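Notes follow the structure.
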Amino acid sequence: MEIEPKYRRVLLKLSGEALMGEGMFGIDPSALKFFANEVFELHKLGVQIGIVIGGGNIFRGLQSAAKGIDKVSGDYMGMLATVINCLAFQCALEELGIETRLQTAITMTSVAEPYIRRKAIRHLEKGRIVLFGGGTGLPNFTTDTTAVLRAIDIGADIIIKGTKVDGIFDSDPMKNPEAKLLKLLTYNEAIIHNLAIMDQTAFTLCRDHNIPIVVLNINKKGNLVRLIKGESVGSIVTN
Ligand code: UDP
């Protein structure tokens, strides 16, 4: 008997760096294919999926000063980078026969639809995966905050933040082999301990809107489906 999905509508956040795979910059076609397949498995369960992708594999506003570009222009470059990533991921999903729509917070109608909340929800209801590009459209924010804002707008049951580690740890597991995985924590714990998994604006928004965040290892095949089927995967932050 097929298990009912635990979550009906999800917002998946992928960092731009995830798309780099083993590389140091840009988009790795095999990483793209891998994540598209993971999302496809979720889609097959009937889960409605919105996706926000970062831009860190191409450009981050913070890098701009060093390059002689002012921070705000750098942020816009970062936001445009997210659109490049979304276009690539859209192609990878469509390769699998999934219907998708890309909506951007910065209007570019010859490339994508503008972000319109009601339209995004309608696409989801029709079984289309909606990619949200262009961040919030505003400098000085991140794509984590974008993910939370879009999750609130579309009424997502959960935000899934895909990372390269198994969840939230009490210290950086890449540097400290003794780091302990925290399976369950509150928003306030995440905020007070300044856990570097999401920025504080994003955590605060989640807390105020009571949307749970699951942080899981997106590089582990099947993790998304395991989560949706109700298994305990990664770390969960709730009230
Ligand atoms: N950015 C922005 N406003 C937004 C979202 C993103 O200015 O609403 C810029 C910011 O410079 C950021 C870059 O886009 O550094 C790429 O996004 P992010 O760093 O969140 O990507 P990720 O770390 O997830 O790859």
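Each chain of the structure tokens is named A, B, ... in the order shown, its residues numbered from 1; ligands are numbered from 1 in display order.
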Write out as an mmCIF file with N, CA and C atoms, in the first residue's frame all residues of region 63-234 of chain A that DSSP puts in helix (DSSP H, G or I) for this structure's backbone.
data_model
loop_
_atom_site.group_PDB
_atom_site.id
_atom_site.type_symbol
_atom_site.label_atom_id
_atom_site.label_comp_id
_atom_site.auth_asym_id
_atom_site.auth_seq_id
_atom_site.Cartn_x
_atom_site.Cartn_y
_atom_site.Cartn_z
ATOM 1 N N GLN A 63 30.868 39.357 -2.646
ATOM 2 C CA GLN A 63 32.125 39.309 -3.417
ATOM 3 C C GLN A 63 32.356 40.607 -4.178
ATOM 4 N N ALA A 65 32.539 43.936 -3.597
ATOM 5 C CA ALA A 65 33.471 45.005 -3.214
ATOM 6 C C ALA A 65 34.871 44.689 -3.727
ATOM 7 N N ALA A 66 35.277 43.439 -3.537
ATOM 8 C CA ALA A 66 36.624 43.039 -3.946
ATOM 9 C C ALA A 66 36.806 43.182 -5.455
ATOM 10 N N LYS A 67 35.714 43.147 -6.179
ATOM 11 C CA LYS A 67 35.800 43.215 -7.643
ATOM 12 C C LYS A 67 35.541 44.638 -8.141
ATOM 13 N N LYS A 71 27.955 47.119 -3.685
ATOM 14 C CA LYS A 71 27.254 45.978 -3.070
ATOM 15 C C LYS A 71 25.862 45.758 -3.674
ATOM 16 N N VAL A 72 25.139 46.848 -3.908
ATOM 17 C CA VAL A 72 23.778 46.690 -4.428
ATOM 18 C C VAL A 72 23.812 46.083 -5.834
ATOM 19 N N SER A 73 24.731 46.564 -6.669
ATOM 20 C CA SER A 73 24.845 45.966 -8.007
ATOM 21 C C SER A 73 25.235 44.496 -7.878
ATOM 22 N N GLY A 74 26.124 44.222 -6.928
ATOM 23 C CA GLY A 74 26.528 42.823 -6.681
ATOM 24 C C GLY A 74 25.339 41.969 -6.281
ATOM 25 N N ASP A 75 24.477 42.523 -5.445
ATOM 26 C CA ASP A 75 23.283 41.774 -5.039
ATOM 27 C C ASP A 75 22.378 41.491 -6.244
ATOM 28 N N TYR A 76 22.233 42.500 -7.110
ATOM 29 C CA TYR A 76 21.421 42.253 -8.317
ATOM 30 C C TYR A 76 22.067 41.177 -9.180
ATOM 31 N N MET A 77 23.402 41.190 -9.243
ATOM 32 C CA MET A 77 24.094 40.142 -10.009
ATOM 33 C C MET A 77 23.814 38.760 -9.396
ATOM 34 N N GLY A 78 23.810 38.727 -8.045
ATOM 35 C CA GLY A 78 23.482 37.473 -7.354
ATOM 36 C C GLY A 78 22.070 37.019 -7.671
ATOM 37 N N MET A 79 21.144 37.975 -7.690
ATOM 38 C CA MET A 79 19.743 37.616 -7.976
ATOM 39 C C MET A 79 19.601 37.091 -9.414
ATOM 40 N N LEU A 80 20.342 37.725 -10.336
ATOM 41 C CA LEU A 80 20.293 37.239 -11.728
ATOM 42 C C LEU A 80 20.904 35.846 -11.824
ATOM 43 N N ALA A 81 21.924 35.604 -10.998
ATOM 44 C CA ALA A 81 22.549 34.267 -10.989
ATOM 45 C C ALA A 81 21.525 33.201 -10.600
ATOM 46 N N THR A 82 20.612 33.549 -9.691
ATOM 47 C CA THR A 82 19.605 32.550 -9.291
ATOM 48 C C THR A 82 18.692 32.201 -10.473
ATOM 49 N N VAL A 83 18.488 33.189 -11.351
ATOM 50 C CA VAL A 83 17.626 32.921 -12.518
ATOM 51 C C VAL A 83 18.349 31.948 -13.470
ATOM 52 N N ILE A 84 19.641 32.141 -13.622
ATOM 53 C CA ILE A 84 20.423 31.219 -14.469
ATOM 54 C C ILE A 84 20.293 29.794 -13.915
ATOM 55 N N ASN A 85 20.437 29.673 -12.601
ATOM 56 C CA ASN A 85 20.313 28.343 -11.982
ATOM 57 C C ASN A 85 18.916 27.766 -12.169
ATOM 58 N N CYS A 86 17.913 28.619 -12.015
ATOM 59 C CA CYS A 86 16.530 28.131 -12.174
ATOM 60 C C CYS A 86 16.297 27.644 -13.605
ATOM 61 N N LEU A 87 16.823 28.392 -14.572
ATOM 62 C CA LEU A 87 16.625 27.984 -15.976
ATOM 63 C C LEU A 87 17.266 26.609 -16.218
ATOM 64 N N ALA A 88 18.452 26.429 -15.643
ATOM 65 C CA ALA A 88 19.139 25.139 -15.818
ATOM 66 C C ALA A 88 18.342 24.025 -15.150
ATOM 67 N N PHE A 89 17.845 24.295 -13.943
ATOM 68 C CA PHE A 89 17.120 23.248 -13.228
ATOM 69 C C PHE A 89 15.773 22.963 -13.890
ATOM 70 N N GLN A 90 15.166 23.996 -14.418
ATOM 71 C CA GLN A 90 13.906 23.824 -15.141
ATOM 72 C C GLN A 90 14.107 22.864 -16.306
ATOM 73 N N CYS A 91 15.191 23.059 -17.043
ATOM 74 C CA CYS A 91 15.478 22.168 -18.182
ATOM 75 C C CYS A 91 15.674 20.736 -17.703
ATOM 76 N N ALA A 92 16.401 20.582 -16.597
ATOM 77 C CA ALA A 92 16.657 19.225 -16.083
ATOM 78 C C ALA A 92 15.350 18.549 -15.663
ATOM 79 N N LEU A 93 14.431 19.315 -15.105
ATOM 80 C CA LEU A 93 13.139 18.741 -14.697
ATOM 81 C C LEU A 93 12.296 18.394 -15.917
ATOM 82 N N GLU A 94 12.313 19.282 -16.894
ATOM 83 C CA GLU A 94 11.494 19.050 -18.091
ATOM 84 C C GLU A 94 12.028 17.867 -18.907
ATOM 85 N N GLU A 95 13.302 17.654 -18.813
ATOM 86 C CA GLU A 95 13.933 16.478 -19.434
ATOM 87 C C GLU A 95 13.281 15.184 -18.925
ATOM 88 N N ARG A 117 1.590 35.490 -6.897
ATOM 89 C CA ARG A 117 1.272 34.462 -5.908
ATOM 90 C C ARG A 117 0.114 33.549 -6.345
ATOM 91 N N ARG A 118 -0.971 34.146 -6.742
ATOM 92 C CA ARG A 118 -2.149 33.339 -7.093
ATOM 93 C C ARG A 118 -1.862 32.409 -8.268
ATOM 94 N N LYS A 119 -1.085 32.915 -9.189
ATOM 95 C CA LYS A 119 -0.752 32.108 -10.368
ATOM 96 C C LYS A 119 0.161 30.952 -9.957
ATOM 97 N N ALA A 120 1.084 31.239 -9.055
ATOM 98 C CA ALA A 120 1.994 30.187 -8.578
ATOM 99 C C ALA A 120 1.186 29.064 -7.925
ATOM 100 N N ILE A 121 0.221 29.445 -7.112
ATOM 101 C CA ILE A 121 -0.604 28.441 -6.420
ATOM 102 C C ILE A 121 -1.395 27.616 -7.437
ATOM 103 N N ARG A 122 -1.914 28.280 -8.442
ATOM 104 C CA ARG A 122 -2.685 27.582 -9.481
ATOM 105 C C ARG A 122 -1.803 26.553 -10.209
ATOM 106 N N HIS A 123 -0.568 26.971 -10.517
ATOM 107 C CA HIS A 123 0.369 26.030 -11.167
ATOM 108 C C HIS A 123 0.585 24.802 -10.277
ATOM 109 N N LEU A 124 0.785 25.064 -9.001
ATOM 110 C CA LEU A 124 1.041 23.949 -8.070
ATOM 111 C C LEU A 124 -0.155 23.009 -8.044
ATOM 112 N N GLU A 125 -1.353 23.596 -8.004
ATOM 113 C CA GLU A 125 -2.562 22.772 -7.966
ATOM 114 C C GLU A 125 -2.689 21.904 -9.214
ATOM 115 N N THR A 143 18.593 34.171 -0.474
ATOM 116 C CA THR A 143 17.606 33.265 -1.041
ATOM 117 C C THR A 143 16.974 32.384 0.047
ATOM 118 N N ASP A 144 17.586 32.333 1.249
ATOM 119 C CA ASP A 144 16.907 31.652 2.368
ATOM 120 C C ASP A 144 15.656 32.439 2.750
ATOM 121 N N THR A 145 15.832 33.741 2.841
ATOM 122 C CA THR A 145 14.673 34.582 3.152
ATOM 123 C C THR A 145 13.638 34.471 2.033
ATOM 124 N N THR A 146 14.101 34.431 0.798
ATOM 125 C CA THR A 146 13.177 34.245 -0.337
ATOM 126 C C THR A 146 12.369 32.965 -0.145
ATOM 127 N N ALA A 147 13.072 31.895 0.233
ATOM 128 C CA ALA A 147 12.401 30.596 0.385
ATOM 129 C C ALA A 147 11.284 30.702 1.422
ATOM 130 N N VAL A 148 11.570 31.388 2.515
ATOM 131 C CA VAL A 148 10.551 31.498 3.568
ATOM 132 C C VAL A 148 9.377 32.357 3.083
ATOM 133 N N LEU A 149 9.695 33.460 2.415
ATOM 134 C CA LEU A 149 8.613 34.332 1.925
ATOM 135 C C LEU A 149 7.715 33.597 0.936
ATOM 136 N N ARG A 150 8.328 32.844 0.043
ATOM 137 C CA ARG A 150 7.520 32.107 -0.945
ATOM 138 C C ARG A 150 6.729 30.988 -0.250
ATOM 139 N N ALA A 151 7.341 30.355 0.730
ATOM 140 C CA ALA A 151 6.638 29.286 1.469
ATOM 141 C C ALA A 151 5.395 29.853 2.154
ATOM 142 N N ILE A 152 5.550 31.033 2.745
ATOM 143 C CA ILE A 152 4.402 31.675 3.407
ATOM 144 C C ILE A 152 3.330 31.979 2.353
ATOM 145 N N ASP A 153 3.754 32.561 1.247
ATOM 146 C CA ASP A 153 2.810 32.962 0.195
ATOM 147 C C ASP A 153 2.020 31.784 -0.368
ATOM 148 N N ILE A 154 2.700 30.679 -0.610
ATOM 149 C CA ILE A 154 2.000 29.553 -1.257
ATOM 150 C C ILE A 154 1.349 28.623 -0.230
ATOM 151 N N TYR A 187 12.794 27.449 16.932
ATOM 152 C CA TYR A 187 13.302 28.605 16.177
ATOM 153 C C TYR A 187 14.197 29.447 17.079
ATOM 154 N N ASN A 188 13.723 29.657 18.340
ATOM 155 C CA ASN A 188 14.500 30.525 19.226
ATOM 156 C C ASN A 188 15.875 29.938 19.508
ATOM 157 N N GLU A 189 15.956 28.617 19.647
ATOM 158 C CA GLU A 189 17.280 27.996 19.852
ATOM 159 C C GLU A 189 18.167 28.263 18.644
ATOM 160 N N ALA A 190 17.576 28.113 17.473
ATOM 161 C CA ALA A 190 18.357 28.344 16.245
ATOM 162 C C ALA A 190 18.812 29.797 16.161
ATOM 163 N N ILE A 191 17.931 30.708 16.579
ATOM 164 C CA ILE A 191 18.262 32.136 16.496
ATOM 165 C C ILE A 191 19.305 32.507 17.556
ATOM 166 N N ILE A 192 19.071 32.068 18.807
ATOM 167 C CA ILE A 192 19.987 32.436 19.908
ATOM 168 C C ILE A 192 21.394 31.907 19.641
ATOM 169 N N GLN A 200 19.304 34.871 10.034
ATOM 170 C CA GLN A 200 18.386 35.166 11.136
ATOM 171 C C GLN A 200 17.041 35.700 10.641
ATOM 172 N N THR A 201 17.067 36.487 9.580
ATOM 173 C CA THR A 201 15.808 37.021 9.039
ATOM 174 C C THR A 201 14.898 35.857 8.640
ATOM 175 N N ALA A 202 15.502 34.868 7.991
ATOM 176 C CA ALA A 202 14.731 33.719 7.526
ATOM 177 C C ALA A 202 14.158 32.947 8.713
ATOM 178 N N PHE A 203 14.988 32.694 9.723
ATOM 179 C CA PHE A 203 14.508 31.964 10.909
ATOM 180 C C PHE A 203 13.372 32.720 11.598
ATOM 181 N N THR A 204 13.551 34.043 11.736
ATOM 182 C CA THR A 204 12.544 34.846 12.432
ATOM 183 C C THR A 204 11.210 34.802 11.685
ATOM 184 N N LEU A 205 11.284 34.900 10.368
ATOM 185 C CA LEU A 205 10.057 34.834 9.557
ATOM 186 C C LEU A 205 9.360 33.483 9.737
ATOM 187 N N CYS A 206 10.162 32.426 9.737
ATOM 188 C CA CYS A 206 9.598 31.077 9.915
ATOM 189 C C CYS A 206 8.900 30.973 11.260
ATOM 190 N N ARG A 207 9.573 31.492 12.287
ATOM 191 C CA ARG A 207 9.001 31.440 13.641
ATOM 192 C C ARG A 207 7.679 32.198 13.673
ATOM 193 N N ASP A 208 7.676 33.410 13.107
ATOM 194 C CA ASP A 208 6.479 34.236 13.184
ATOM 195 C C ASP A 208 5.319 33.642 12.394
ATOM 196 N N HIS A 209 5.638 32.846 11.391
ATOM 197 C CA HIS A 209 4.575 32.251 10.573
ATOM 198 C C HIS A 209 4.403 30.761 10.854
ATOM 199 N N ASN A 223 16.586 10.856 0.310
ATOM 200 C CA ASN A 223 16.273 11.593 1.544
ATOM 201 C C ASN A 223 14.961 12.362 1.458
ATOM 202 N N LEU A 224 14.704 12.982 0.318
ATOM 203 C CA LEU A 224 13.473 13.774 0.181
ATOM 204 C C LEU A 224 12.250 12.877 0.325
ATOM 205 N N VAL A 225 12.300 11.740 -0.337
ATOM 206 C CA VAL A 225 11.157 10.820 -0.296
ATOM 207 C C VAL A 225 10.989 10.254 1.112
ATOM 208 N N ARG A 226 12.105 9.917 1.759
ATOM 209 C CA ARG A 226 12.027 9.394 3.133
ATOM 210 C C ARG A 226 11.330 10.406 4.051
ATOM 211 N N LEU A 227 11.691 11.652 3.888
ATOM 212 C CA LEU A 227 11.086 12.702 4.724
ATOM 213 C C LEU A 227 9.582 12.782 4.467
ATOM 214 N N ILE A 228 9.232 12.791 3.197
ATOM 215 C CA ILE A 228 7.822 12.948 2.835
ATOM 216 C C ILE A 228 6.996 11.742 3.284
#
Tell me, which residues of region 65-224 of chain A carry DSSP strand (DSSP E or B), written as a count of residues only? 30
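With only C-alpha atoms as the atoms that count, the minimum distance from Asp157 (chain A) to the choices A:Gly234, A:Glu41, A:Asn57, A:Ile211 is reached by A:Ile211.
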A:Leu14, A:Leu184, A:Ile158, A:Ile197: which is nearest ligand 1, counting only C-alpha atoms and all ligand atoms? A:Leu14
Counting only C-alpha atoms, what is within 7 Å of Val52 (chain A), bar same-chain residues fewer than 2 positions away, as a PyMOL selection string? chain A and resi 12-14+50+54+131-133+147
Any chance you could export the current selection's C-alpha atoms as a tab-separated table (two decimals), in the first residue's frame?
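This is the output file result08.tsv:
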chain	number	residue	atom	x	y	z
A	12	LEU	CA	12.50	23.18	-1.39
A	13	LYS	CA	15.53	25.42	-1.03
A	14	LEU	CA	18.70	24.41	-2.83
A	50	GLY	CA	7.93	25.04	-5.11
A	54	GLY	CA	20.47	30.26	-4.57
A	131	LEU	CA	10.67	27.62	-9.60
A	132	PHE	CA	11.03	31.00	-7.96
A	133	GLY	CA	13.97	32.94	-9.40
A	147	ALA	CA	12.40	30.60	0.38
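Counting only C-alpha atoms, the residue from A:Ile213, A:Ala31, A:Ala36, A:Ile218 that sits nearest to Val10 (chain A) is A:Ile213.
Among the candidate residues A:Lys220, A:Arg101, A:Lys6, A:Arg60, the one lying nearest to ligand 1 is A:Arg60, with distances computed using only C-alpha atoms and all ligand atoms.
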